[in-house]
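A.B. asks: My file is start03.txt. It has compact mmCIF, C-alpha atoms and all ligand atoms:
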```
# COMPACT_ATOMS: atom_id res chain seq x y z
CA MET A 1029 -249.41 -26.82 86.46
CA LYS A 1030 -248.40 -30.38 87.28
CA THR A 1031 -247.43 -33.04 84.80
CA GLN A 1032 -249.01 -36.16 86.22
CA SER A 1033 -247.52 -38.68 83.88
CA THR A 1034 -245.31 -38.71 80.79
CA SER A 1035 -244.11 -41.49 78.57
CA LYS A 1036 -243.70 -42.12 74.88
CA ASN A 1037 -246.52 -43.31 72.65
CA ARG A 1038 -249.29 -42.60 75.09
CA PRO A 1039 -251.86 -40.04 73.97
CA LEU A 1040 -251.85 -36.82 75.96
CA ILE A 1041 -254.99 -35.57 77.70
CA VAL A 1042 -254.91 -31.96 78.93
CA GLY A 1043 -257.02 -30.96 81.93
CA ILE A 1044 -258.19 -27.35 82.06
CA GLY A 1045 -260.42 -26.23 84.89
CA GLY A 1046 -261.27 -25.72 88.48
CA SER A 1047 -261.60 -22.47 90.35
CA THR A 1048 -259.20 -20.50 92.54
CA ARG A 1049 -261.30 -21.43 95.58
CA PRO A 1050 -259.31 -23.64 98.03
CA GLY A 1051 -260.71 -27.17 97.76
CA SER A 1052 -262.37 -26.40 94.43
CA THR A 1053 -264.85 -29.17 93.64
CA SER A 1054 -264.40 -28.81 89.90
CA GLU A 1055 -260.61 -29.07 90.21
CA ARG A 1056 -260.88 -32.19 92.38
CA ALA A 1057 -263.29 -33.81 89.92
CA MET A 1058 -260.99 -32.92 87.01
CA ARG A 1059 -257.99 -34.49 88.76
CA ASP A 1060 -260.04 -37.62 89.50
CA ALA A 1061 -260.93 -37.85 85.80
CA LEU A 1062 -257.28 -37.39 84.78
CA ALA A 1063 -256.28 -40.21 87.13
CA ILE A 1064 -258.77 -42.51 85.38
CA VAL A 1065 -257.47 -41.68 81.89
CA GLU A 1066 -253.94 -42.31 83.14
CA GLU A 1067 -254.99 -45.77 84.37
CA ALA A 1068 -256.48 -46.34 80.92
CA GLY A 1069 -253.15 -45.65 79.18
CA CYS A 1070 -252.95 -41.89 78.56
CA ASP A 1071 -250.53 -39.22 79.77
CA THR A 1072 -251.97 -36.15 81.43
CA VAL A 1073 -251.13 -32.59 82.29
CA ALA A 1074 -253.35 -30.27 84.33
CA PHE A 1075 -253.82 -26.50 84.23
CA ALA A 1076 -255.94 -25.65 87.24
CA GLY A 1077 -256.71 -22.98 89.81
CA PRO A 1078 -254.01 -20.29 89.89
CA ASP A 1079 -252.63 -21.51 86.51
CA LEU A 1080 -255.82 -20.19 84.97
CA MET A 1081 -255.41 -16.64 86.27
CA LEU A 1082 -254.34 -15.46 82.84
CA PRO A 1083 -254.89 -11.93 81.54
CA HIS A 1084 -257.97 -11.44 79.41
CA PHE A 1085 -257.12 -12.96 76.08
CA GLU A 1086 -256.24 -10.91 73.08
CA MET A 1087 -254.25 -11.98 70.05
CA GLY A 1088 -250.51 -11.77 70.60
CA ILE A 1089 -250.38 -11.76 74.41
CA ALA A 1090 -249.92 -15.51 74.91
CA ASP A 1091 -246.18 -15.34 74.26
CA ALA A 1092 -245.72 -13.12 77.34
CA HIS A 1093 -247.24 -15.70 79.71
CA PRO A 1094 -245.32 -18.91 80.50
CA VAL A 1095 -248.46 -20.78 81.57
CA ALA A 1096 -250.24 -19.81 78.35
CA ILE A 1097 -247.23 -20.94 76.33
CA ARG A 1098 -247.16 -24.31 78.13
CA MET A 1099 -250.92 -24.75 77.85
CA ILE A 1100 -251.00 -24.06 74.10
CA ALA A 1101 -247.98 -26.34 73.55
CA ALA A 1102 -249.72 -29.12 75.50
CA LEU A 1103 -252.99 -28.62 73.59
CA ARG A 1104 -251.14 -28.84 70.28
CA LYS A 1105 -249.80 -32.26 71.30
CA ALA A 1106 -253.05 -33.41 72.89
CA SER A 1107 -255.43 -36.10 71.73
CA GLY A 1108 -258.05 -34.95 74.21
CA ILE A 1109 -259.06 -32.40 76.80
CA ILE A 1110 -260.94 -32.61 80.06
CA ILE A 1111 -262.59 -29.32 80.94
CA ALA A 1112 -264.07 -28.66 84.38
CA SER A 1113 -265.87 -25.51 85.45
CA PRO A 1114 -268.11 -24.28 88.21
CA GLY A 1115 -271.41 -22.88 87.02
CA TYR A 1116 -271.32 -19.12 87.51
CA HIS A 1117 -274.66 -17.43 86.89
CA GLY A 1118 -275.78 -20.13 84.53
CA SER A 1119 -272.62 -20.62 82.45
CA ILE A 1120 -268.95 -21.54 82.68
CA SER A 1121 -266.68 -19.35 84.83
CA GLY A 1122 -264.79 -16.43 83.37
CA ILE A 1123 -261.34 -17.86 84.07
CA VAL A 1124 -262.12 -21.19 82.37
CA LYS A 1125 -263.67 -19.44 79.35
CA ASN A 1126 -260.70 -17.07 79.17
CA ALA A 1127 -258.27 -20.02 79.23
CA LEU A 1128 -260.22 -21.64 76.38
CA ASP A 1129 -260.10 -18.36 74.45
CA TYR A 1130 -256.31 -18.78 74.32
CA THR A 1131 -256.90 -21.58 71.78
CA GLU A 1132 -257.40 -18.76 69.29
CA GLU A 1133 -253.59 -18.95 69.07
CA MET A 1134 -254.16 -22.33 67.37
CA ARG A 1135 -256.51 -21.06 64.69
CA ASN A 1136 -253.97 -21.39 61.86
CA ASP A 1137 -252.62 -24.76 62.99
CA ALA A 1138 -252.89 -27.83 60.75
CA ARG A 1139 -255.19 -29.12 63.50
CA PRO A 1140 -256.89 -25.89 64.61
CA TYR A 1141 -258.40 -25.49 68.06
CA PHE A 1142 -259.70 -28.89 69.32
CA GLU A 1143 -260.02 -30.46 65.88
CA GLY A 1144 -259.83 -34.26 66.05
CA ARG A 1145 -259.64 -34.13 69.84
CA VAL A 1146 -262.06 -35.66 72.29
CA ALA A 1147 -263.38 -33.44 75.10
CA GLY A 1148 -264.74 -34.59 78.44
CA CYS A 1149 -266.90 -31.99 80.19
CA ILE A 1150 -267.36 -31.60 83.95
CA VAL A 1151 -269.63 -29.04 85.57
CA CYS A 1152 -270.20 -28.27 89.26
CA ALA A 1153 -272.92 -25.95 90.54
CA ASN A 1154 -275.17 -25.66 93.52
CA GLY A 1155 -278.43 -25.98 91.63
CA ALA A 1156 -279.79 -28.32 88.97
CA GLN A 1157 -280.63 -25.47 86.61
CA ALA A 1158 -277.06 -24.09 86.51
CA VAL A 1159 -275.56 -27.56 86.20
CA GLY A 1160 -277.66 -28.17 83.08
CA THR A 1161 -277.19 -24.80 81.41
CA THR A 1162 -273.44 -24.77 82.14
CA LEU A 1163 -272.94 -28.23 80.64
CA ILE A 1164 -274.79 -27.15 77.50
CA ALA A 1165 -272.67 -23.98 77.31
CA MET A 1166 -269.45 -25.97 77.72
CA ARG A 1167 -270.41 -28.44 75.01
CA SER A 1168 -271.34 -25.55 72.69
CA ILE A 1169 -267.86 -24.09 73.23
CA VAL A 1170 -266.25 -27.46 72.46
CA HIS A 1171 -268.31 -27.66 69.26
CA ALA A 1172 -267.25 -24.11 68.34
CA LEU A 1173 -263.65 -25.27 68.79
CA ARG A 1174 -264.36 -28.29 66.52
CA GLY A 1175 -263.85 -30.79 69.34
CA TRP A 1176 -265.72 -33.99 70.05
CA PRO A 1177 -267.57 -33.88 73.39
CA THR A 1178 -268.02 -37.32 74.87
CA PRO A 1179 -271.58 -38.68 74.87
CA TYR A 1180 -271.52 -38.64 78.67
CA GLY A 1181 -271.08 -35.29 80.42
CA VAL A 1182 -270.49 -35.04 84.15
CA ALA A 1183 -272.93 -32.80 86.04
CA ILE A 1184 -272.15 -32.48 89.74
CA GLN A 1185 -274.74 -30.77 91.87
CA THR A 1186 -272.67 -29.63 94.83
CA ASP A 1187 -275.58 -28.97 97.20
CA ILE A 1188 -276.56 -32.64 97.02
CA LYS A 1189 -273.90 -34.56 98.92
CA PRO A 1190 -274.81 -38.21 99.41
CA SER A 1191 -271.61 -38.89 101.32
CA GLY A 1192 -272.17 -35.81 103.46
CA ALA A 1193 -269.18 -33.76 102.31
CA GLY A 1194 -269.04 -33.57 98.51
CA GLN A 1195 -266.41 -36.29 98.32
CA SER A 1196 -265.12 -38.00 95.19
CA ALA A 1197 -267.39 -40.96 95.90
CA ASP A 1198 -270.34 -38.75 94.98
CA TRP A 1199 -269.22 -38.28 91.43
CA MET A 1200 -266.90 -41.21 90.63
CA PRO A 1201 -269.43 -43.45 88.81
CA GLY A 1202 -270.33 -40.77 86.24
CA LEU A 1203 -266.79 -39.47 86.07
CA ARG A 1204 -265.52 -42.94 85.23
CA ILE A 1205 -267.97 -43.29 82.32
CA MET A 1206 -266.84 -39.97 80.84
CA ALA A 1207 -263.12 -40.52 81.48
CA GLU A 1208 -263.21 -43.98 79.92
CA GLN A 1209 -264.95 -42.51 76.84
CA VAL A 1210 -262.17 -39.90 76.61
CA ALA A 1211 -259.46 -42.57 76.85
CA ALA A 1212 -261.22 -44.90 74.38
CA PHE A 1213 -261.42 -42.16 71.75
CA ALA A 1214 -257.83 -41.00 72.33
CA LEU A 1215 -256.45 -44.55 72.17
CA SER A 1216 -258.49 -45.51 69.10
CA ASP A 1217 -257.54 -45.01 65.45
CA VAL A 1218 -260.28 -42.37 65.06
CA PRO A 1219 -258.00 -39.33 65.60
CA ALA A 1220 -255.56 -40.63 62.95
CA LYS A 1221 -258.42 -41.32 60.54
CA LEU A 1222 -259.78 -37.81 61.07
CA ARG A 1223 -256.35 -36.34 60.33
CA ALA A 1224 -256.06 -38.43 57.16
CA GLN A 1225 -259.58 -37.46 56.09
CA ARG A 1226 -258.75 -33.79 56.59
CA ASN A 1227 -255.66 -34.15 54.45
CA ASP A 1228 -257.83 -35.75 51.73
CA ASP A 1229 -260.26 -32.83 51.98
CA VAL A 1230 -257.40 -30.38 51.60
CA ILE A 1231 -256.19 -32.20 48.50
CA ILE A 1232 -259.72 -32.27 47.03
CA SER A 1233 -260.32 -28.60 47.75
CA ARG A 1234 -256.96 -27.67 46.24
CA ALA A 1235 -257.76 -29.72 43.14
CA SER A 1236 -261.23 -28.23 42.63
C1 LIG A 1301 -269.73 -15.94 91.07
C2 LIG A 1301 -270.49 -17.20 91.38
C3 LIG A 1301 -271.66 -17.47 90.69
C4 LIG A 1301 -272.38 -18.62 90.93
N1 LIG A 1301 -273.53 -18.87 90.24
C5 LIG A 1301 -274.23 -19.98 90.47
C6 LIG A 1301 -275.44 -20.21 89.76
O1 LIG A 1301 -275.91 -19.43 88.96
N2 LIG A 1301 -276.11 -21.36 90.06
C7 LIG A 1301 -275.64 -22.27 90.94
O2 LIG A 1301 -276.28 -23.30 91.13
N3 LIG A 1301 -274.49 -22.08 91.61
C8 LIG A 1301 -273.78 -20.96 91.39
N4 LIG A 1301 -272.60 -20.74 92.08
C9 LIG A 1301 -272.10 -21.78 92.98
C10 LIG A 1301 -270.99 -22.61 92.32
O3 LIG A 1301 -271.35 -23.04 91.04
C11 LIG A 1301 -270.71 -23.85 93.17
O4 LIG A 1301 -270.43 -23.49 94.49
C12 LIG A 1301 -269.56 -24.67 92.59
O5 LIG A 1301 -269.59 -25.94 93.17
C13 LIG A 1301 -268.22 -24.03 92.85
O6 LIG A 1301 -267.21 -24.79 92.22
P1 LIG A 1301 -265.76 -24.92 92.83
O7 LIG A 1301 -265.94 -25.75 94.09
O8 LIG A 1301 -264.93 -25.61 91.80
O9 LIG A 1301 -265.26 -23.55 93.17
C14 LIG A 1301 -271.90 -19.56 91.87
C15 LIG A 1301 -270.72 -19.28 92.59
C16 LIG A 1301 -270.03 -18.12 92.33
C17 LIG A 1301 -268.75 -17.83 93.10
```
Here is the file; what I need is its structure written in the form of structure tokens.
Ligand SMILES: Cc1cc2nc3c(=O)[nH]c(=O)nc-3n(C[C@H](O)[C@H](O)[C@H](O)COP(=O)(O)O)c2cc1C

C.D. replies:
Amino acid sequence: MKTQSTSKNRPLIVGIGGSTRPGSTSERAMRDALAIVEEAGCDTVAFAGPDLMLPHFEMGIADAHPVAIRMIAALRKASGIIIASPGYHGSISGIVKNALDYTEEMRNDARPYFEGRVAGCIVCANGAQAVGTTLIAMRSIVHALRGWPTPYGVAIQTDIKPSGAGQSADWMPGLRIMAEQVAAFALSDVPAKLRAQRNDDVIISRAS
């Protein structure tokens, strides 16, 4: 885990993703996206590669794992998330899904899971089919966690390498669109309005 930037009054965006493979494309793309949201005025923290080698989630085990504790604490503070996964057999990888399963620890929070938080999605896979199905799967998970996927999702087909080596230049234009949407949401008054609306709902449901 590496905190890339911290300062007061800047929304926090948490990056979760990548693989344990040295030179992981999805990790590099995630870090590129985090750099863009930093430029746009957000703080970031990344949980990537070996950080994600957490035990299979079950309720109650998070407290025994320092990375899980830090990740959940960061998510609780976060205004947004950037998730990056390789496509494994048509869906997101086991370690990324397992890391996301740790958000179950947030189910009783005032802002459960990804509620009121924007989510940028990045997918890398060799083939077009897996890129598409994995992006859909990732967005479905974000919806299940009550998050707000950005309109633009980043689909990186790693066997098509215009620059010849799968370099950042291949994916930067799309990544920038998504990362700027993440930052715009996080820096807007929408998250605060959503929180206020939820409080109103709670009052209404208590009164009824
Ligand atoms: C276990 C495993 C399953 C994979 N399944 C698919 C797949 O179904 N379709 C596909 O296009 N690529 C598949 N790939 C290739 C990866 O999605 C691709 O190499 C990706 O860019 C790896 O991301 P990384 O560089 O972050 O490790 C698979 C790779 C692994 C290791």

A.B. asks: Could you list, as a ChimeraX atom specification, all residues that come within 6 Å of ligand LIG 1301 (chain A)? Count only C-alpha atoms and all ligand atoms.

C.D. replies: /A:1046-1047,1049,1052-1055,1114-1118,1152-1155,1158,1186

A.B. asks: Could the residues of region 1084-1195 of chain A that have an atom at most 10 Å from region 1058-1070 of chain A be listed as a tab-separated table, each with its closest atom pair and the distance in Å to one decimal, counting only C-alpha atoms and ordered by chain and ascending residue number?

C.D. replies:
```
residue	atom	partner	partner_atom	distance
A:Ser1107	CA	A:Cys1070	CA	9.3
A:Gly1108	CA	A:Cys1070	CA	9.6
A:Ile1109	CA	A:Leu1062	CA	9.6
A:Ile1110	CA	A:Met1058	CA	7.0
A:Ile1111	CA	A:Met1058	CA	7.2
A:Ala1112	CA	A:Met1058	CA	5.9
A:Ser1113	CA	A:Met1058	CA	9.0
A:Gly1148	CA	A:Ala1061	CA	8.9
A:Cys1149	CA	A:Met1058	CA	9.1
A:Ile1150	CA	A:Met1058	CA	7.2
A:Val1151	CA	A:Met1058	CA	9.6
```

A.B. asks: To one decimal in Å, tell me the separation between CA of Ala1074 (chain A) and CA of Arg1223 (chain A).

C.D. replies: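 Going from CA of Ala1074 (chain A) over to CA of Arg1223 (chain A), I get 24.9 Å.
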
A.B. asks: Record the distance separating CA of Leu1128 (chain A) and CA of Ala1156 (chain A), expressed in Å with one decimal.

C.D. replies: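 Going from CA of Leu1128 (chain A) over to CA of Ala1156 (chain A), I get 24.2 Å.
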
A.B. asks: Need to verify the contact set: Tyr1180 (chain A), 10 Å, all atoms listed in the file, exclusion of same-chain residues closer than 5 positions in sequence. Can you return it as number ranges by chain?

C.D. replies: A: 1148-1150, 1202-1210

A.B. asks: Name all residues at most 12 Å from Asp1217 (chain A) (count all atoms listed in the file; drop same-chain ones fewer than 4 positions away) and give them as a ChimeraX atom specification.

C.D. replies: /A:1039,1107,1144-1145,1211-1213,1221-1224

A.B. asks: Write out as a VMD selection string which residues come within 12 Å of Asp1091 (chain A) when counting all atoms listed in the file, dropping same-chain ones fewer than 5 positions away.

C.D. replies: chain A and resid 1082 to 1083 1085 to 1086 1096 to 1101 1130 1133

A.B. asks: So how far away is CA of Ile1120 (chain A) from CA of Glu1143 (chain A), in Å?

C.D. replies: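 According to the coordinates, CA of Glu1143 (chain A) and CA of Ile1120 (chain A) are separated by 21.0 Å.
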
A.B. asks: With distances taken over all atoms listed in the file, which residue among A:Arg1038, A:Trp1176, A:Asp1079, A:Val1218 lies nearest Val1124 (chain A)?

C.D. replies: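 Nearest to Val1124 (chain A): A:Asp1079.
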
A.B. asks: Please provide as a list in words all residues within 12 Å of Ala1172 (chain A), with the sequence filter that same-chain residues fewer than 6 positions apart are discarded (counting all atoms listed in the file).

C.D. replies: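 In the requested form, the answer reads Leu1128, Asp1129, Thr1131, Glu1132, Arg1135, Pro1140, Tyr1141, Phe1142, Glu1143, Ala1165 and Met1166 of chain A.
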